[in-house]
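J.: The following file, data07.cif, comprises mmCIF, N, CA and C atoms:
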data_input
#
loop_
_atom_site.group_PDB
_atom_site.id
_atom_site.type_symbol
_atom_site.label_atom_id
_atom_site.label_comp_id
_atom_site.auth_asym_id
_atom_site.auth_seq_id
_atom_site.Cartn_x
_atom_site.Cartn_y
_atom_site.Cartn_z
ATOM 1 N N MET A 1 67.660 115.561 158.629
ATOM 2 C CA MET A 1 68.942 115.475 157.987
ATOM 3 C C MET A 1 68.737 115.626 156.479
ATOM 4 N N ASN A 2 69.421 116.542 155.884
ATOM 5 C CA ASN A 2 69.334 116.770 154.448
ATOM 6 C C ASN A 2 70.458 116.003 153.744
ATOM 7 N N THR A 3 70.077 114.928 153.079
ATOM 8 C CA THR A 3 71.071 114.132 152.356
ATOM 9 C C THR A 3 70.714 114.083 150.873
ATOM 10 N N LEU A 4 71.685 113.733 150.080
ATOM 11 C CA LEU A 4 71.523 113.616 148.628
ATOM 12 C C LEU A 4 70.854 114.858 148.029
ATOM 13 N N ALA A 5 71.489 115.980 148.264
ATOM 14 C CA ALA A 5 71.066 117.264 147.701
ATOM 15 C C ALA A 5 69.636 117.633 148.095
ATOM 16 N N ASN A 6 69.362 117.542 149.364
ATOM 17 C CA ASN A 6 68.081 117.988 149.899
ATOM 18 C C ASN A 6 66.910 117.226 149.273
ATOM 19 N N TRP A 7 66.921 115.914 149.443
ATOM 20 C CA TRP A 7 65.921 115.031 148.876
ATOM 21 C C TRP A 7 64.512 115.354 149.388
ATOM 22 N N GLY A 8 64.387 115.538 150.667
ATOM 23 C CA GLY A 8 63.071 115.797 151.237
ATOM 24 C C GLY A 8 62.535 117.186 150.929
ATOM 25 N N GLY A 9 63.407 118.105 150.547
ATOM 26 C CA GLY A 9 62.984 119.475 150.311
ATOM 27 C C GLY A 9 62.791 119.818 148.848
ATOM 28 N N GLY A 10 62.622 118.839 147.970
ATOM 29 C CA GLY A 10 62.367 119.125 146.572
ATOM 30 C C GLY A 10 63.588 119.060 145.680
ATOM 31 N N GLY A 11 64.723 118.617 146.221
ATOM 32 C CA GLY A 11 65.924 118.473 145.392
ATOM 33 C C GLY A 11 65.844 117.226 144.526
ATOM 34 N N PRO A 12 66.869 116.935 143.769
ATOM 35 C CA PRO A 12 66.846 115.806 142.844
ATOM 36 C C PRO A 12 66.870 114.450 143.533
ATOM 37 N N GLY A 13 67.290 114.401 144.761
ATOM 38 C CA GLY A 13 67.287 113.148 145.505
ATOM 39 C C GLY A 13 68.312 112.149 144.977
ATOM 40 N N PRO A 14 68.009 110.866 145.092
ATOM 41 C CA PRO A 14 68.996 109.855 144.694
ATOM 42 C C PRO A 14 69.223 109.806 143.176
ATOM 43 N N TRP A 15 68.347 110.457 142.398
ATOM 44 C CA TRP A 15 68.530 110.448 140.937
ATOM 45 C C TRP A 15 69.783 111.177 140.507
ATOM 46 N N ILE A 16 70.320 112.022 141.385
ATOM 47 C CA ILE A 16 71.538 112.754 141.043
ATOM 48 C C ILE A 16 72.726 111.807 140.843
ATOM 49 N N LEU A 17 72.644 110.598 141.390
ATOM 50 C CA LEU A 17 73.735 109.633 141.241
ATOM 51 C C LEU A 17 73.771 109.009 139.841
ATOM 52 N N PHE A 18 72.672 109.043 139.113
ATOM 53 C CA PHE A 18 72.638 108.398 137.809
ATOM 54 C C PHE A 18 73.413 109.157 136.737
ATOM 55 N N LEU A 19 73.488 110.460 136.807
ATOM 56 C CA LEU A 19 74.207 111.223 135.797
ATOM 57 C C LEU A 19 75.685 110.835 135.734
ATOM 58 N N PRO A 20 76.414 110.769 136.833
ATOM 59 C CA PRO A 20 77.813 110.315 136.738
ATOM 60 C C PRO A 20 77.923 108.863 136.252
ATOM 61 N N LEU A 21 76.962 108.015 136.608
ATOM 62 C CA LEU A 21 77.010 106.629 136.139
ATOM 63 C C LEU A 21 76.803 106.548 134.629
ATOM 64 N N ILE A 22 75.909 107.375 134.101
ATOM 65 C CA ILE A 22 75.676 107.394 132.659
ATOM 66 C C ILE A 22 76.930 107.874 131.935
ATOM 67 N N TRP A 23 77.565 108.938 132.433
ATOM 68 C CA TRP A 23 78.782 109.424 131.790
ATOM 69 C C TRP A 23 79.911 108.402 131.892
ATOM 70 N N ALA A 24 80.002 107.696 132.997
ATOM 71 C CA ALA A 24 81.033 106.654 133.131
ATOM 72 C C ALA A 24 80.797 105.546 132.106
ATOM 73 N N ALA A 25 79.541 105.171 131.893
ATOM 74 C CA ALA A 25 79.220 104.140 130.890
ATOM 75 C C ALA A 25 79.573 104.621 129.484
ATOM 76 N N VAL A 26 79.329 105.889 129.183
ATOM 77 C CA VAL A 26 79.669 106.431 127.872
ATOM 78 C C VAL A 26 81.178 106.416 127.661
ATOM 79 N N VAL A 27 81.937 106.820 128.651
ATOM 80 C CA VAL A 27 83.402 106.845 128.544
ATOM 81 C C VAL A 27 83.953 105.433 128.393
ATOM 82 N N VAL A 28 83.474 104.501 129.205
ATOM 83 C CA VAL A 28 83.943 103.112 129.117
ATOM 84 C C VAL A 28 83.590 102.526 127.753
ATOM 85 N N GLY A 29 82.420 102.802 127.244
ATOM 86 C CA GLY A 29 82.032 102.314 125.923
ATOM 87 C C GLY A 29 82.907 102.887 124.819
ATOM 88 N N ALA A 30 83.210 104.166 124.886
ATOM 89 C CA ALA A 30 84.060 104.797 123.872
ATOM 90 C C ALA A 30 85.478 104.233 123.910
ATOM 91 N N VAL A 31 86.024 104.057 125.102
ATOM 92 C CA VAL A 31 87.370 103.491 125.231
ATOM 93 C C VAL A 31 87.396 102.057 124.718
ATOM 94 N N THR A 32 86.394 101.286 125.034
ATOM 95 C CA THR A 32 86.324 99.900 124.560
ATOM 96 C C THR A 32 86.232 99.851 123.047
ATOM 97 N N LEU A 33 85.409 100.690 122.459
ATOM 98 C CA LEU A 33 85.269 100.720 121.013
ATOM 99 C C LEU A 33 86.580 101.112 120.339
ATOM 100 N N LEU A 34 87.259 102.114 120.862
ATOM 101 C CA LEU A 34 88.531 102.535 120.287
ATOM 102 C C LEU A 34 89.594 101.454 120.409
ATOM 103 N N ARG A 35 89.649 100.775 121.532
ATOM 104 C CA ARG A 35 90.646 99.720 121.703
ATOM 105 C C ARG A 35 90.383 98.550 120.774
ATOM 106 N N ARG A 36 89.119 98.249 120.528
ATOM 107 C CA ARG A 36 88.783 97.117 119.652
ATOM 108 C C ARG A 36 89.065 97.417 118.194
ATOM 109 N N THR A 37 88.946 98.668 117.784
ATOM 110 C CA THR A 37 89.124 98.993 116.372
ATOM 111 C C THR A 37 90.510 99.521 116.045
ATOM 112 N N ALA A 38 91.155 100.252 116.930
ATOM 113 C CA ALA A 38 92.435 100.884 116.612
ATOM 114 C C ALA A 38 93.577 99.878 116.532
ATOM 115 N N GLY A 39 93.572 98.839 117.325
ATOM 116 C CA GLY A 39 94.688 97.915 117.360
ATOM 117 C C GLY A 39 94.623 96.799 116.350
ATOM 118 N N ARG A 40 93.699 96.852 115.433
ATOM 119 C CA ARG A 40 93.533 95.728 114.512
ATOM 120 C C ARG A 40 94.247 95.907 113.187
ATOM 121 N N GLY A 41 94.853 97.028 112.937
ATOM 122 C CA GLY A 41 95.560 97.213 111.673
ATOM 123 C C GLY A 41 94.618 97.142 110.495
ATOM 124 N N ARG A 42 94.811 96.157 109.611
ATOM 125 C CA ARG A 42 93.979 96.025 108.419
ATOM 126 C C ARG A 42 92.678 95.304 108.706
ATOM 127 N N ARG A 43 92.497 94.829 109.910
ATOM 128 C CA ARG A 43 91.264 94.125 110.245
ATOM 129 C C ARG A 43 90.233 95.119 110.760
ATOM 130 N N GLY A 44 89.004 94.869 110.448
ATOM 131 C CA GLY A 44 87.925 95.699 110.959
ATOM 132 C C GLY A 44 87.459 95.168 112.305
ATOM 133 N N PRO A 45 86.523 95.834 112.927
ATOM 134 C CA PRO A 45 86.068 95.373 114.232
ATOM 135 C C PRO A 45 85.278 94.071 114.175
ATOM 136 N N TRP A 46 84.850 93.657 112.969
ATOM 137 C CA TRP A 46 84.031 92.452 112.867
ATOM 138 C C TRP A 46 84.743 91.319 112.156
ATOM 139 N N GLY A 47 86.036 91.396 111.993
ATOM 140 C CA GLY A 47 86.777 90.308 111.369
ATOM 141 C C GLY A 47 87.780 90.820 110.358
ATOM 142 N N PRO A 48 88.518 89.912 109.758
ATOM 143 C CA PRO A 48 89.572 90.334 108.838
ATOM 144 C C PRO A 48 89.008 90.868 107.524
ATOM 145 N N VAL A 49 89.747 91.781 106.966
ATOM 146 C CA VAL A 49 89.416 92.325 105.661
ATOM 147 C C VAL A 49 90.123 91.464 104.617
ATOM 148 N N ASP A 50 89.553 91.354 103.411
ATOM 149 C CA ASP A 50 90.193 90.577 102.360
ATOM 150 C C ASP A 50 91.626 91.046 102.152
ATOM 151 N N ARG A 51 92.491 90.097 101.808
ATOM 152 C CA ARG A 51 93.885 90.474 101.625
ATOM 153 C C ARG A 51 94.011 91.448 100.466
ATOM 154 N N PRO A 52 95.015 92.322 100.514
ATOM 155 C CA PRO A 52 95.178 93.302 99.450
ATOM 156 C C PRO A 52 95.554 92.635 98.135
ATOM 157 N N ALA A 53 95.226 93.296 97.034
ATOM 158 C CA ALA A 53 95.468 92.719 95.713
ATOM 159 C C ALA A 53 96.956 92.524 95.444
ATOM 160 N N GLY A 54 97.819 93.259 96.135
ATOM 161 C CA GLY A 54 99.263 93.127 95.943
ATOM 162 C C GLY A 54 99.805 91.780 96.371
ATOM 163 N N ASP A 55 99.067 91.017 97.144
ATOM 164 C CA ASP A 55 99.525 89.712 97.610
ATOM 165 C C ASP A 55 99.037 88.564 96.743
ATOM 166 N N SER A 56 98.324 88.843 95.663
ATOM 167 C CA SER A 56 97.807 87.768 94.824
ATOM 168 C C SER A 56 98.969 87.102 94.089
ATOM 169 N N PRO A 57 98.817 85.837 93.726
ATOM 170 C CA PRO A 57 99.901 85.140 93.020
ATOM 171 C C PRO A 57 100.297 85.836 91.713
ATOM 172 N N LEU A 58 99.318 86.383 91.000
ATOM 173 C CA LEU A 58 99.647 87.075 89.758
ATOM 174 C C LEU A 58 100.422 88.366 90.006
ATOM 175 N N ALA A 59 100.120 89.043 91.107
ATOM 176 C CA ALA A 59 100.857 90.262 91.433
ATOM 177 C C ALA A 59 102.300 89.940 91.799
ATOM 178 N N VAL A 60 102.495 88.859 92.545
ATOM 179 C CA VAL A 60 103.859 88.435 92.901
ATOM 180 C C VAL A 60 104.626 88.058 91.638
ATOM 181 N N LEU A 61 103.953 87.330 90.760
ATOM 182 C CA LEU A 61 104.576 86.933 89.500
ATOM 183 C C LEU A 61 104.929 88.165 88.665
ATOM 184 N N GLY A 62 104.040 89.135 88.626
ATOM 185 C CA GLY A 62 104.313 90.374 87.898
ATOM 186 C C GLY A 62 105.488 91.134 88.471
ATOM 187 N N ARG A 63 105.596 91.179 89.793
ATOM 188 C CA ARG A 63 106.746 91.855 90.411
ATOM 189 C C ARG A 63 108.051 91.143 90.085
ATOM 190 N N ARG A 64 108.017 89.806 90.111
ATOM 191 C CA ARG A 64 109.226 89.041 89.778
ATOM 192 C C ARG A 64 109.636 89.276 88.326
ATOM 193 N N PHE A 65 108.670 89.345 87.419
ATOM 194 C CA PHE A 65 108.966 89.614 86.010
ATOM 195 C C PHE A 65 109.514 91.028 85.840
ATOM 196 N N ALA A 66 108.917 91.992 86.521
ATOM 197 C CA ALA A 66 109.355 93.384 86.408
ATOM 198 C C ALA A 66 110.764 93.589 86.962
ATOM 199 N N SER A 67 111.116 92.829 87.999
ATOM 200 C CA SER A 67 112.453 92.989 88.585
ATOM 201 C C SER A 67 113.519 92.189 87.841
ATOM 202 N N GLY A 68 113.108 91.359 86.872
ATOM 203 C CA GLY A 68 114.077 90.610 86.082
ATOM 204 C C GLY A 68 114.423 89.242 86.637
ATOM 205 N N GLU A 69 113.738 88.794 87.660
ATOM 206 C CA GLU A 69 114.003 87.469 88.231
ATOM 207 C C GLU A 69 113.633 86.358 87.260
ATOM 208 N N ILE A 70 112.567 86.579 86.475
ATOM 209 C CA ILE A 70 112.136 85.583 85.492
ATOM 210 C C ILE A 70 111.989 86.267 84.137
ATOM 211 N N ASP A 71 112.150 85.492 83.068
ATOM 212 C CA ASP A 71 112.009 86.066 81.733
ATOM 213 C C ASP A 71 110.549 85.969 81.269
ATOM 214 N N GLU A 72 110.298 86.476 80.046
ATOM 215 C CA GLU A 72 108.925 86.537 79.546
ATOM 216 C C GLU A 72 108.324 85.149 79.343
ATOM 217 N N ASP A 73 109.120 84.215 78.821
ATOM 218 C CA ASP A 73 108.609 82.854 78.605
ATOM 219 C C ASP A 73 108.202 82.203 79.928
ATOM 220 N N GLU A 74 109.037 82.356 80.948
ATOM 221 C CA GLU A 74 108.718 81.793 82.271
ATOM 222 C C GLU A 74 107.474 82.460 82.852
ATOM 223 N N TYR A 75 107.363 83.776 82.657
ATOM 224 C CA TYR A 75 106.190 84.498 83.154
ATOM 225 C C TYR A 75 104.909 83.934 82.542
ATOM 226 N N TRP A 76 104.865 83.804 81.211
ATOM 227 C CA TRP A 76 103.642 83.336 80.554
ATOM 228 C C TRP A 76 103.356 81.872 80.882
ATOM 229 N N ARG A 77 104.387 81.067 81.073
ATOM 230 C CA ARG A 77 104.173 79.671 81.460
ATOM 231 C C ARG A 77 103.517 79.597 82.838
ATOM 232 N N ARG A 78 104.004 80.393 83.744
ATOM 233 C CA ARG A 78 103.434 80.376 85.101
ATOM 234 C C ARG A 78 102.032 80.984 85.143
ATOM 235 N N VAL A 79 101.791 82.010 84.323
ATOM 236 C CA VAL A 79 100.447 82.582 84.250
ATOM 237 C C VAL A 79 99.464 81.533 83.760
ATOM 238 N N SER A 80 99.853 80.741 82.751
ATOM 239 C CA SER A 80 98.951 79.716 82.242
ATOM 240 C C SER A 80 98.687 78.642 83.293
ATOM 241 N N VAL A 81 99.703 78.297 84.081
ATOM 242 C CA VAL A 81 99.500 77.320 85.162
ATOM 243 C C VAL A 81 98.528 77.874 86.199
ATOM 244 N N LEU A 82 98.681 79.147 86.568
ATOM 245 C CA LEU A 82 97.765 79.760 87.538
ATOM 246 C C LEU A 82 96.343 79.810 86.991
ATOM 247 N N ASP A 83 96.202 80.117 85.699
ATOM 248 C CA ASP A 83 94.860 80.148 85.101
ATOM 249 C C ASP A 83 94.222 78.767 85.116
ATOM 250 N N GLU A 84 95.017 77.722 84.892
ATOM 251 C CA GLU A 84 94.469 76.361 84.915
ATOM 252 C C GLU A 84 94.031 75.965 86.321
ATOM 253 N N GLN A 85 94.814 76.330 87.317
ATOM 254 C CA GLN A 85 94.534 75.928 88.695
ATOM 255 C C GLN A 85 93.440 76.760 89.336
ATOM 256 N N PHE A 86 93.475 78.045 89.113
ATOM 257 C CA PHE A 86 92.570 78.940 89.853
ATOM 258 C C PHE A 86 91.584 79.669 88.963
ATOM 259 N N GLY A 87 91.664 79.507 87.678
ATOM 260 C CA GLY A 87 90.790 80.271 86.791
ATOM 261 C C GLY A 87 91.187 81.720 86.764
ATOM 262 N N ARG A 88 90.263 82.572 86.471
ATOM 263 C CA ARG A 88 90.555 84.006 86.395
ATOM 264 C C ARG A 88 90.360 84.715 87.732
ATOM 265 N N SER A 89 90.075 83.961 88.804
ATOM 266 C CA SER A 89 89.811 84.611 90.097
ATOM 267 C C SER A 89 91.070 85.183 90.728
ATOM 268 N N GLY A 90 92.246 84.739 90.313
ATOM 269 C CA GLY A 90 93.481 85.246 90.884
ATOM 270 C C GLY A 90 93.821 86.646 90.433
ATOM 271 N N ARG A 91 93.158 87.158 89.393
ATOM 272 C CA ARG A 91 93.461 88.495 88.875
ATOM 273 C C ARG A 91 92.646 89.554 89.508
#
Translate the structure described by the file into structure tokens.
T.:
Amino acid sequence: MNTLANWGGGGPGPWILFLPLIWAAVVVGAVTLLRRTAGRGRRGPWGPVDRPAGDSPLAVLGRRFASGEIDEDEYWRRVSVLDEQFGRSGR
């Protein structure tokens, strides 16, 4: 009986089954990698990325000043409070 592509007659034998298994592993790995990285938005595959500079307290304060919500005196008062509390790291 000639099974598995003529195993006894010099064919590849049972090793022929490994090629589809290897390709299945490659496809499953690629799909897993894409699902882990594509759905994270601003996060990378290994954890969150630092928040964007637009969300810093000084940036919010600058936007409020630019839109006219606060005047110049209020802006500088709040900047000095932020500098006292957080130092220059907020910029």
J.: Mind giving me the straight-line distance from atom C of A:Val27 to atom CA of A:Trp15 in Å, one decimal?
T.: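 Between atom C of A:Val27 and atom CA of A:Trp15 the gap works out to 20.5 Å.
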J.: If I take atom C of A:Ser56 and atom C of A:Glu74, how far is one from the other in Å, to one decimal?
T.: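 A separation of 14.8 Å between them.
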J.: Between atom N of A:Leu21 and atom CA of A:Thr37, what distance in Å does the model show, to one decimal?
T.: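 The value is 25.3 Å.
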